[in-house]
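These notes concern the structure reproduced below.
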Amino acid sequence: RTWATSHSLPFLLIRNTKIMRQIASIHIGQAGIRIGSAYWQLICREHGISSDGILSEPIDDTLATFFSEAPNGRYVPRSLFVDTESNICDEVRSGSHSHLYNSDLFVTGKEDASCIYGRGHYTIGKEIIDATLDRIRKLAEACSDLEGFIFTHSIGGGTGSGFGTLLLERLSLDFAKKSKMSFCLLPSNQTVSSTVEPYNAVLSLHIQREHANAIFLLDNQPIYEICQRSLSIPQPDFGDANRLIAEVISTATASYRFKDCMPLDLGDIRPGPGFPSSKLNFYLLSYSHGRHPIPNDVDHSLDDLTSSLFQKENLLAPCDLESGMYASIAIMYRGDMNPKEVKDSVHMAKTLVKTQFVDWVPTSIKCGLVQQPPISFAQPSIAIQRSALMFCNSSAVQDVFFRIGQKFDAMYARRAFVFWSCGEGMSEGEFPEAREDMESLLQDYQSLSHDQVTDSEADM
């Protein structure tokens, strides 16, 4: 089976039976590196790769999408860990999977960005940008056909926001035709690590919107709540959250790592050709487990799994889906089910759940299936037979931008802490410019719902 894509959709991950394309993963800053470390530990477990990169049994060549094979037979993640200081990278280098990584997969500076966007983007970050790009070029040269990049980073911190956007800008020049997809950890209402997180987030999203093809939004608070409710972890910490995020990314990439029954190209998450702007490229994620399927009642449990994706408590960023309109929905399933069951369940969801689409895009829910069962990495004592991950481009995402924008405005009205970034060579004019861009983004998403309401009233 050959998969192809239109030239107009540059961020599609493509798989071809004759040509295997590769993906490079870049993990930036403290949060991004810890998520990346958890992700590679999980991927190794799923593929039977030991902590030192030894494959336990032969596997098909889809493994080459994310791993390179060293001359000694070890499998090495096609990844790069980057931080402005070395402490977190040192944890990975000395951790349980220290022998999995080569030394050239790490780039570190001499001091941290102190949660200041300007330091990550303009001063401290520029000290390591050339070394980072050099390592990325080497990763690319070792690929027969590099398709693109996956990023993990937090946009509340100085490195994840400031250096992350600096790297995106440079990659847009050096690798303009390669896909760039960002798993982006948002500042949380209840887990604040820095007072300037709203500044960092607005400044980062302003740049990402221009240079990333798809931005998947994550928030620690709903992730903690999923750990408590679904995984019975009474007091989850950052490690638990990172392992759950690793499960999410694992499901998102499963179709490229295992033989599948129903292909789901990540390009399918993109709205149809009638969608007004390629810059409305922010996606909400919803993740659900099927931990204990009911014996002899698989259809019922699969329906429950599908329906749960549309429930607020399974969203990985705080939004109200029922208040928004969908431009696209795609669902990736994993586990003991067959294509007919999946299609029937998706049809049920479309019929019973209030899935309202804007009326000028196709009103379909696209789906994929990999029968390789997931592994519960966040809670190993729980056996998971199936899971599902939903990607949706919905006007409900405006809740995220509204919340961050309010916090930004409250601080910027007093010019609070602006001098921290301006002292690093950043222009104060970048603050209102980024905020105006977020307001424009907010209005664009609001117009999706407004246009739908207007059309409905006209029909009446």
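Chain lettering (A, B, ...) mirrors the order of the structure tokens, residue numbering begins at 1 for each chain separately, and ligand numbering begins at 1 in order of display.
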
Under the rule of at most 12 Å, produce a per-residue listing of stretch 127-163 of chain A near stretch 72-80 of chain A: chain, number, name, the closest pair of atoms, and the distance in Å, as a tab-separated table, using only C-alpha atoms.
residue	atom	partner	partner_atom	distance
A:Ala131	CA	A:Leu80	CA	11.4
A:Thr132	CA	A:Leu80	CA	8.4
A:Leu133	CA	A:Leu80	CA	10.4
A:Asp134	CA	A:Leu80	CA	11.2
A:Arg135	CA	A:Leu80	CA	7.8
A:Ile136	CA	A:Leu80	CA	7.6
A:Arg137	CA	A:Leu80	CA	11.2
A:Lys138	CA	A:Arg78	CA	10.6
A:Leu139	CA	A:Arg78	CA	7.1
A:Ala140	CA	A:Arg78	CA	9.4
A:Glu141	CA	A:Arg78	CA	11.7
A:Ala142	CA	A:Arg78	CA	9.5
A:Cys143	CA	A:Arg78	CA	9.3
A:Leu146	CA	A:Arg78	CA	10.7
A:Gly148	CA	A:Arg78	CA	11.4
A:Phe149	CA	A:Ser79	CA	9.3
A:Ile150	CA	A:Ser79	CA	9.2
A:Phe151	CA	A:Leu80	CA	9.7
A:Thr152	CA	A:Leu80	CA	10.6

Please, could you write that set of residues out with all heavy atoms as a short mmCIF file (atom, residue, chain, number, x, y, z; two decimals), in the first residue's frame?
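And here is the file that came out, part.cif:
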data_model
loop_
_atom_site.label_atom_id
_atom_site.label_comp_id
_atom_site.auth_asym_id
_atom_site.auth_seq_id
_atom_site.Cartn_x
_atom_site.Cartn_y
_atom_site.Cartn_z
N ALA A 131 25.26 25.34 17.36
CA ALA A 131 25.58 23.94 17.69
C ALA A 131 24.36 23.05 17.51
O ALA A 131 24.45 21.92 17.03
CB ALA A 131 26.10 23.85 19.12
N THR A 132 23.17 23.57 17.88
CA THR A 132 21.94 22.81 17.73
C THR A 132 21.64 22.54 16.26
O THR A 132 21.32 21.41 15.86
CB THR A 132 20.76 23.56 18.37
OG1 THR A 132 21.05 23.80 19.76
CG2 THR A 132 19.48 22.77 18.24
N LEU A 133 21.74 23.57 15.43
CA LEU A 133 21.48 23.40 13.99
C LEU A 133 22.49 22.45 13.35
O LEU A 133 22.14 21.67 12.45
CB LEU A 133 21.50 24.76 13.30
CG LEU A 133 20.32 25.67 13.62
CD1 LEU A 133 20.58 27.08 13.10
CD2 LEU A 133 19.03 25.13 13.02
N ASP A 134 23.72 22.50 13.82
CA ASP A 134 24.74 21.59 13.30
C ASP A 134 24.37 20.13 13.60
O ASP A 134 24.48 19.26 12.73
CB ASP A 134 26.10 21.92 13.91
CG ASP A 134 27.21 21.04 13.36
OD1 ASP A 134 27.44 21.06 12.15
OD2 ASP A 134 27.83 20.31 14.17
N ARG A 135 23.89 19.86 14.82
CA ARG A 135 23.48 18.50 15.18
C ARG A 135 22.26 18.07 14.38
O ARG A 135 22.14 16.91 13.98
CB ARG A 135 23.19 18.43 16.67
CG ARG A 135 24.37 18.75 17.56
CD ARG A 135 25.43 17.67 17.54
NE ARG A 135 26.59 18.06 18.32
CZ ARG A 135 26.70 17.93 19.63
NH1 ARG A 135 25.71 17.39 20.32
NH2 ARG A 135 27.79 18.32 20.26
N ILE A 136 21.34 19.01 14.16
CA ILE A 136 20.14 18.67 13.38
C ILE A 136 20.52 18.35 11.94
O ILE A 136 19.98 17.42 11.34
CB ILE A 136 19.11 19.82 13.45
CG1 ILE A 136 18.54 19.93 14.87
CG2 ILE A 136 17.98 19.60 12.44
CD1 ILE A 136 17.64 21.12 15.08
N ARG A 137 21.45 19.09 11.39
CA ARG A 137 21.90 18.79 10.02
C ARG A 137 22.51 17.40 9.94
O ARG A 137 22.31 16.67 8.96
CB ARG A 137 22.91 19.84 9.56
CG ARG A 137 22.30 21.24 9.34
CD ARG A 137 23.30 22.18 8.72
NE ARG A 137 22.81 23.56 8.79
CZ ARG A 137 23.23 24.46 9.67
NH1 ARG A 137 24.18 24.13 10.54
NH2 ARG A 137 22.73 25.68 9.69
N LYS A 138 23.26 17.01 10.97
CA LYS A 138 23.85 15.68 10.99
C LYS A 138 22.77 14.61 11.08
O LYS A 138 22.88 13.55 10.43
CB LYS A 138 24.84 15.56 12.15
CG LYS A 138 26.11 16.38 11.96
CD LYS A 138 27.06 16.23 13.13
CE LYS A 138 28.34 17.05 12.90
NZ LYS A 138 29.27 16.97 14.05
N LEU A 139 21.73 14.86 11.88
CA LEU A 139 20.60 13.94 11.93
C LEU A 139 19.96 13.81 10.56
O LEU A 139 19.62 12.71 10.10
CB LEU A 139 19.56 14.41 12.94
CG LEU A 139 19.82 14.20 14.43
CD1 LEU A 139 18.70 14.84 15.25
CD2 LEU A 139 19.92 12.72 14.76
N ALA A 140 19.79 14.95 9.88
CA ALA A 140 19.15 14.96 8.57
C ALA A 140 20.00 14.23 7.53
O ALA A 140 19.49 13.49 6.69
CB ALA A 140 18.87 16.39 8.13
N GLU A 141 21.32 14.45 7.58
CA GLU A 141 22.22 13.81 6.62
C GLU A 141 22.23 12.29 6.77
O GLU A 141 22.49 11.57 5.81
CB GLU A 141 23.63 14.37 6.78
CG GLU A 141 23.76 15.82 6.31
CD GLU A 141 25.07 16.45 6.74
OE1 GLU A 141 25.88 15.74 7.40
OE2 GLU A 141 25.29 17.64 6.44
N ALA A 142 21.95 11.82 8.00
CA ALA A 142 21.94 10.37 8.23
C ALA A 142 20.63 9.73 7.80
O ALA A 142 20.49 8.51 7.87
CB ALA A 142 22.18 10.09 9.72
N CYS A 143 19.67 10.54 7.34
CA CYS A 143 18.37 10.03 6.90
C CYS A 143 18.36 9.86 5.38
O CYS A 143 18.93 10.68 4.65
CB CYS A 143 17.25 10.98 7.30
SG CYS A 143 17.01 11.19 9.08
N LEU A 146 14.26 12.47 5.11
CA LEU A 146 13.71 13.10 6.32
C LEU A 146 12.38 13.77 5.99
O LEU A 146 12.30 14.61 5.10
CB LEU A 146 14.69 14.13 6.87
CG LEU A 146 14.21 14.92 8.10
CD1 LEU A 146 14.11 14.00 9.32
CD2 LEU A 146 15.14 16.09 8.39
N GLY A 148 10.27 15.23 8.56
CA GLY A 148 10.05 16.42 9.36
C GLY A 148 10.44 16.23 10.81
O GLY A 148 11.17 15.30 11.16
N PHE A 149 9.91 17.12 11.65
CA PHE A 149 10.31 17.19 13.05
C PHE A 149 9.10 17.18 13.97
O PHE A 149 8.05 17.75 13.65
CB PHE A 149 11.11 18.48 13.31
CG PHE A 149 12.30 18.65 12.41
CD1 PHE A 149 12.20 19.39 11.23
CD2 PHE A 149 13.52 18.09 12.73
CE1 PHE A 149 13.29 19.56 10.39
CE2 PHE A 149 14.62 18.25 11.90
CZ PHE A 149 14.51 18.98 10.73
N ILE A 150 9.27 16.54 15.11
CA ILE A 150 8.32 16.62 16.21
C ILE A 150 9.02 17.31 17.37
O ILE A 150 10.15 16.95 17.72
CB ILE A 150 7.82 15.23 16.63
CG1 ILE A 150 6.91 14.63 15.55
CG2 ILE A 150 7.09 15.29 17.96
CD1 ILE A 150 6.45 13.23 15.84
N PHE A 151 8.38 18.30 17.97
CA PHE A 151 8.94 19.03 19.09
C PHE A 151 8.15 18.74 20.36
O PHE A 151 6.92 18.63 20.32
CB PHE A 151 8.89 20.55 18.85
CG PHE A 151 9.67 21.00 17.65
CD1 PHE A 151 9.11 21.00 16.38
CD2 PHE A 151 10.97 21.44 17.78
CE1 PHE A 151 9.82 21.42 15.28
CE2 PHE A 151 11.71 21.87 16.68
CZ PHE A 151 11.12 21.85 15.43
N THR A 152 8.84 18.65 21.48
CA THR A 152 8.18 18.68 22.79
C THR A 152 8.82 19.80 23.58
O THR A 152 10.05 19.89 23.68
CB THR A 152 8.33 17.34 23.56
OG1 THR A 152 9.72 17.08 23.83
CG2 THR A 152 7.75 16.18 22.76
#

Just want the 7 Å neighbourhood of A:Pro263, counted on only C-alpha atoms, with same-chain residues fewer than 6 positions away dropped. Output as a PDB file with C-alpha atoms, in the first residue's frame.
ATOM      1  CA  SER A 255       0.449   4.334  12.771  1.00  0.00           C
ATOM      2  CA  GLY A 368      -7.264   4.987  12.148  1.00  0.00           C
ATOM      3  CA  LEU A 369      -6.575   1.692  13.895  1.00  0.00           C
TER       4      LEU A 369
END

Within 7 Å of stretch 372-384 of chain A using only C-alpha atoms, minus same-chain residues under 2 positions, as number ranges by chain:
A: 42, 231, 240, 243-244, 247, 289-291, 334-336, 370, 386-387

Could you pull the residues within 7 Å of A:Phe216, counting only C-alpha atoms, minus those fewer than 3 positions along the same chain, as a PyMOL selection string?
chain A and resi 182-184+282-285

When DSSP is applied to the backbone of this structure, which of stretch 331-435 of chain A are assigned alpha helix (DSSP H)? Write them out as a PyMOL selection string.
chain A and resi 339-352+398-412+418-422+430-435

Written selection (C-alpha atoms) as a tab-separated table (two decimals), in the first residue's frame:
chain	number	residue	atom	x	y	z
A	339	PRO	CA	-12.18	-1.88	11.45
A	340	LYS	CA	-15.92	-2.52	11.28
A	341	GLU	CA	-16.31	-2.05	15.04
A	342	VAL	CA	-14.35	1.19	14.85
A	343	LYS	CA	-16.39	2.57	11.96
A	344	ASP	CA	-19.67	1.62	13.68
A	345	SER	CA	-18.52	3.26	16.89
A	346	VAL	CA	-17.48	6.47	15.11
A	347	HIS	CA	-20.86	6.55	13.35
A	348	MET	CA	-22.54	6.19	16.74
A	349	ALA	CA	-20.48	9.08	18.12
A	350	LYS	CA	-21.38	11.33	15.24
A	351	THR	CA	-25.06	10.49	15.69
A	352	LEU	CA	-25.34	10.66	19.47
A	398	GLN	CA	-10.45	30.08	21.95
A	399	ASP	CA	-10.93	29.32	25.68
A	400	VAL	CA	-7.18	28.69	25.90
A	401	PHE	CA	-6.23	31.92	24.16
A	402	PHE	CA	-8.76	33.97	26.12
A	403	ARG	CA	-7.41	32.72	29.46
A	404	ILE	CA	-3.77	33.34	28.56
A	405	GLY	CA	-4.61	36.72	27.03
A	406	GLN	CA	-6.36	37.90	30.18
A	407	LYS	CA	-3.32	37.09	32.30
A	408	PHE	CA	-1.04	38.79	29.79
A	409	ASP	CA	-3.19	41.95	29.83
A	410	ALA	CA	-3.27	42.13	33.62
A	411	MET	CA	0.53	42.12	33.74
A	412	TYR	CA	1.26	44.24	30.69
A	418	VAL	CA	8.79	43.69	30.84
A	419	PHE	CA	12.29	44.95	31.58
A	420	TRP	CA	13.45	41.36	32.19
A	421	SER	CA	13.20	40.55	28.48
A	422	CYS	CA	14.02	44.04	27.24
A	430	GLU	CA	7.17	42.69	20.46
A	431	PHE	CA	4.82	42.39	23.44
A	432	PRO	CA	1.84	44.29	21.95
A	433	GLU	CA	2.54	42.80	18.52
A	434	ALA	CA	2.30	39.27	19.88
A	435	ARG	CA	-0.79	40.14	21.91

d(atom CA of A:Val358, atom CA of A:Asn314) in Å
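For atom CA of A:Val358 relative to atom CA of A:Asn314, the distance reads 22.8 Å.
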